[in-house]
Structures are given as C-alpha cells and as structure tokens.
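Engineer: Would you mind keeping the following structure in view while I ask a few things?
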Number of protein chains: 2
Amino acid sequence: MRLLAVLSMVSVCLVACSRATDNFQPETIIALERGALDRWGKGDPRGFFEIMATDQTYFDPMTASRIDGHEAVKKYIAPFTGRIRIERVEMIDPKVQRSGDLAVLTFNLVNYGAQMDGSPKTTVRWNSTEVFQRLNGSWKIVHSHWSYVKPVLKEGASE
Amino acid sequence: MRLLAVLSMVSVCLVACSRATDNFQPETIIALERGALDRWGKGDPRGFFEIMATDQTYFDPMTASRIDGHEAVKKYIAPFTGRIRIERVEMIDPKVQRSGDLAVLTFNLVNYGAQMDGSPKTTVRWNSTEVFQRLNGSWKIVHSHWSYVKPVLKEGASE
C-alpha cells in the first residue's frame, strides 16, 4: 500500500509539476508576430525567417497552392525584400488558442500606408492565421494563412 | 535504490504508454473534414455543426472580421442551408501537422459545378485551414480559415 501511495504521488507530480513549470503567456506569441510584422513593414522579411519552423506550410492570396517547407517559403518571400513599406500596422483583437506545444494565433490586420515598389499608398486588410509550435523551448511558425478581408472580385474572374 | 528503480520505470511507462495508446491517424481528421464537406455540397451545413468546438474561430472571404464562438459561426452559416450545390469536391494534398491534442489540417479545395440559389455552375478554388482539437476523445474544429486561391480583384477595390 505504501508503494502504491508513493506511485500515485509520483504520477500526480508528473502531471501537475509539468503544468506548473509550463507558464505559457499568450503575449509571447503575439509579441513574436508583432516583431516580425514590424520588420516586414520596413521591407525586411528576416523577422519571419527567424521564427519559421522547418516544416512550415503557407497560404496567401498570391500562392497557386499550399507552399510546404521553410526553404520553399523563404524562396517565395525573399524577392519582396526592400520592396514593401507599411506606415502603420494594426493588429486587431489577437487571440491565442493553445493546447500543449501548439498555439493558434488569429487576428485581423490593417496595413495603413502600404506600398510596393513606391506604388500609391493603400490600406490593406487581412485575415491572419499563424500556428506556432514550441520546438526545443522556442515558438516557431508551422503554418501561415493570409487572406484579404472581403475581396471585391473582378466579374467573371472565377472560372 | 529499489524504490528509485521502480519510480523511474513508472515515469518511463507514463510517457511511453500514453504515446503507445495515443494511436493517432491523420486519416481520422481528413475523413471528418471530407464527411462535412460532402454534406455541405448537398446544402447541409450540419456536418460542420457537429464537429465544431464551442470556442471555434472563423474566417472566410465574406466575413468582415473574425467570428468567435460556435454559436456565432452557426448563425452565420445557417442561412446557406439548402442554397448550395456542389457536383464534385476535390481535396488536394491534405496535410496534417499534429502535436498532442491539436492538429492542423491544410489543403487546397476545388469545388466543381458549384452553385448558389441555382446560379450558373462555376469552379471555385480554396485555400483551406482547419485546426482540430481533441476534446474528451473527439476531434473538433477550433479554427477555420477559408480563402480564394489567387482572387482577381476589381481595380480600385482596395481602399
């Protein structure tokens, strides 16, 4: 009986202690994203490169199909280096849904004064999903999905 | 020393045994999604309603901002009941990225012969992200993001 008691104490601790040391803060994820977005708005994609996981998957309105793997995603994004300027980035209502080592960050994004290659400034509104995974203690992006809010389609543009 | 040996065996089993009984199959997630999509193509959204988690978050090209909570998502989707018809649904290259009780399913979707309210049939191509969480042993959708593949925007449509 004494052994049983010890064993159950051990199992309780294995569960409770690991939770206690987890100490997850949603703000950690939000700050990582905000940091990468700020650099992106200055034409620097390396903020995103630094937080990509090896097996990242990626969608945006210009991709013909899902892009798989951070090498392919980097290759796709790198040509935008130095071409993007965004005056102000607003992250609306960021929300983190987390279980264990995966965290889903979602928000609407408004890019004010956005330009590419010196084009006229526009405001661009995005639906944003960024899934982070904790790998060796660091949160990295394993999936990104970017899309326009209520895009107004050219008539006859769909097949 | 004997107690220590027993304790380490217990901890090893707590980790290894829980993994062994996990028995996760990506096909489970893919089949859930496919089942819900098939019903959606017949004008029946209840396939999705049945696999929504209470705290689901949701984006699609018609949403002005993220929709939070399955009651709000149901209210948004319910009016489409009986109005959608899709002849054939093709799920391209579904991929599941999983850690513990969260699984991210991504795919490109092609809806052939899609109609709403008897409109002319079109082909519609989607980028699709569905995040599932295992809750009380069942996988439920906690986040959905649907967007058009390469939407052709009306000129001057962005602000």
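Here's how to read the names in the structure tokens: chain A, B, ... by the order shown, residue numbers from 1 in each chain, ligand numbers from 1 in the order shown.
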Could you produce a table of the residues of stretch 29-126 of chain A lying within 7 Å of stretch 95-112 of chain B, with the nearest pair of atoms per residue and their separation in Å rounded to one decimal, using only C-alpha atoms, ordered by chain and increasing residue number, as a Markdown table?

Structural biologist:
| residue | atom | partner | partner_atom | distance |
| --- | --- | --- | --- | --- |
| A:Ser65 | CA | B:Asn108 | CA | 6.4 |
| A:Arg66 | CA | B:Asn108 | CA | 6.9 |
| A:Ser99 | CA | B:Leu102 | CA | 6.4 |
| A:Gly100 | CA | B:Gly100 | CA | 6.6 |
| A:Asp101 | CA | B:Ser99 | CA | 6.6 |
| A:Leu102 | CA | B:Ser99 | CA | 6.4 |

Engineer: Could you save those same residues with N, CA, C and O atoms as a short mmCIF file (atom, residue, chain, number, x, y, z; two decimals), in the first residue's frame?

Structural biologist:
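Result saved to selection30.cif:
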data_model
loop_
_atom_site.label_atom_id
_atom_site.label_comp_id
_atom_site.auth_asym_id
_atom_site.auth_seq_id
_atom_site.Cartn_x
_atom_site.Cartn_y
_atom_site.Cartn_z
N SER A 65 -0.97 27.25 -54.85
CA SER A 65 -1.31 26.10 -53.99
C SER A 65 -0.47 26.23 -52.73
O SER A 65 0.40 27.10 -52.64
N ARG A 66 -0.74 25.38 -51.74
CA ARG A 66 -0.01 25.48 -50.47
C ARG A 66 1.50 25.34 -50.71
O ARG A 66 1.92 24.50 -51.53
N SER A 99 -3.02 24.47 -26.98
CA SER A 99 -3.06 23.20 -26.26
C SER A 99 -1.65 22.62 -26.35
O SER A 99 -1.14 22.41 -27.46
N GLY A 100 -1.03 22.41 -25.20
CA GLY A 100 0.33 21.85 -25.19
C GLY A 100 1.29 22.71 -25.97
O GLY A 100 1.40 23.92 -25.71
N ASP A 101 1.95 22.10 -26.94
CA ASP A 101 3.01 22.81 -27.67
C ASP A 101 2.55 23.41 -28.99
O ASP A 101 3.37 23.79 -29.82
N LEU A 102 1.24 23.49 -29.22
CA LEU A 102 0.74 24.18 -30.41
C LEU A 102 -0.13 25.35 -29.98
O LEU A 102 -0.93 25.24 -29.05
#

Engineer: Name the residues of chain B that fall into helix (DSSP H, G or I) according to DSSP on the backbone, using the chain letters and numbers of this document, as an MDAnalysis selection string.

Structural biologist: chainID B and resid 2:22 26:40 46:50 70:80

Engineer: Residues of stretch 47-150 of chain A that approach stretch 58-62 of chain B to 9 Å or less, counting only C-alpha atoms: could you list each one with the shortest pair of atoms and its distance in Å to one decimal, rows by chain and increasing residue number, as CSV?

Structural biologist:
residue,atom,partner,partner_atom,distance
A:Asn127,CA,B:Phe59,CA,6.7
A:Ser128,CA,B:Phe59,CA,8.6
A:Ser147,CA,B:Pro61,CA,7.8
A:Tyr148,CA,B:Pro61,CA,7.1
A:Val149,CA,B:Pro61,CA,6.0
A:Lys150,CA,B:Pro61,CA,4.9

Engineer: Given the selection you just returned, output its residues as a file containing N, CA and C atoms, formatted as an mmCIF file, in the first residue's frame.

Structural biologist:
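Output file selection14.cif is given in full below:
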data_model
loop_
_atom_site.group_PDB
_atom_site.id
_atom_site.type_symbol
_atom_site.label_atom_id
_atom_site.label_comp_id
_atom_site.auth_asym_id
_atom_site.auth_seq_id
_atom_site.Cartn_x
_atom_site.Cartn_y
_atom_site.Cartn_z
ATOM 1 N N ASN A 127 -7.129 38.811 -43.124
ATOM 2 C CA ASN A 127 -7.441 37.750 -42.161
ATOM 3 C C ASN A 127 -6.142 36.982 -41.951
ATOM 4 N N SER A 128 -5.782 36.760 -40.703
ATOM 5 C CA SER A 128 -4.455 36.192 -40.435
ATOM 6 C C SER A 128 -4.523 35.021 -39.461
ATOM 7 N N SER A 147 -5.158 36.064 -45.903
ATOM 8 C CA SER A 147 -6.131 36.312 -46.973
ATOM 9 C C SER A 147 -6.716 37.703 -46.821
ATOM 10 N N TYR A 148 -7.238 38.249 -47.948
ATOM 11 C CA TYR A 148 -7.854 39.570 -47.917
ATOM 12 C C TYR A 148 -9.206 39.520 -47.215
ATOM 13 N N VAL A 149 -9.522 40.584 -46.491
ATOM 14 C CA VAL A 149 -10.865 40.721 -45.914
ATOM 15 C C VAL A 149 -11.813 41.159 -47.036
ATOM 16 N N LYS A 150 -12.881 40.406 -47.249
ATOM 17 C CA LYS A 150 -13.924 40.732 -48.233
ATOM 18 C C LYS A 150 -13.375 41.247 -49.572
#

Engineer: Hey, what does DSSP flag as strand (DSSP E) within stretch 11-126 of chain B? Can you give it to me as JSON, numbers by chain?

Structural biologist: {"B": [52, 53, 54, 55, 56, 57, 58, 59, 67, 68, 84, 85, 86, 87, 88, 89, 90, 91, 92, 93, 94, 95, 96, 97, 98, 99, 102, 103, 104, 105, 106, 107, 108, 109, 110, 111, 112, 113, 114, 115, 116, 122, 123, 124, 125, 126]}

Engineer: Just want the 12 Å neighbourhood of stretch 54-56 of chain A, counted on only C-alpha atoms, with same-chain residues fewer than 3 positions away dropped. Output as a ChimeraX atom specification.

Structural biologist: /A:48-51,59,66-74,130-133,135,140-145 /B:95-98,104,106

Engineer: Tell me, in Å to one decimal, how far atom CA of B:Arg134 is from atom CA of A:Glu27.

Structural biologist: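 Distance between the two atoms: 24.0 Å.
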
Engineer: Nearest to chain A among B:Ala64, B:Arg88, B:Asn23, B:Gly137, with distances taken over only C-alpha atoms: which residue is it?

Structural biologist: B:Ala64

Engineer: Kindly indicate which residue among A:Trp40, A:Thr129, A:Asp93, A:Thr57 lies nearest to A:Thr81, using only C-alpha atoms for the distances.

Structural biologist: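 The shortest atom-to-atom distance to A:Thr81 comes from A:Trp40.
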
Engineer: So how many Å separate atom CA of B:Thr63 and atom CA of B:Ala31, to one decimal?

Structural biologist: 26.4 Å

Engineer: Atom CA of B:Glu87 and atom CA of B:Gln115, how far apart in Å?

Structural biologist: 8.8 Å

Engineer: May I ask which of the residues A:Pro151, A:Gly41, A:Met52, A:Asp117 is the closest one to A:Arg85, counting only C-alpha atoms?

Structural biologist: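 Checking each candidate against A:Arg85, we get A:Gly41 as the closest.
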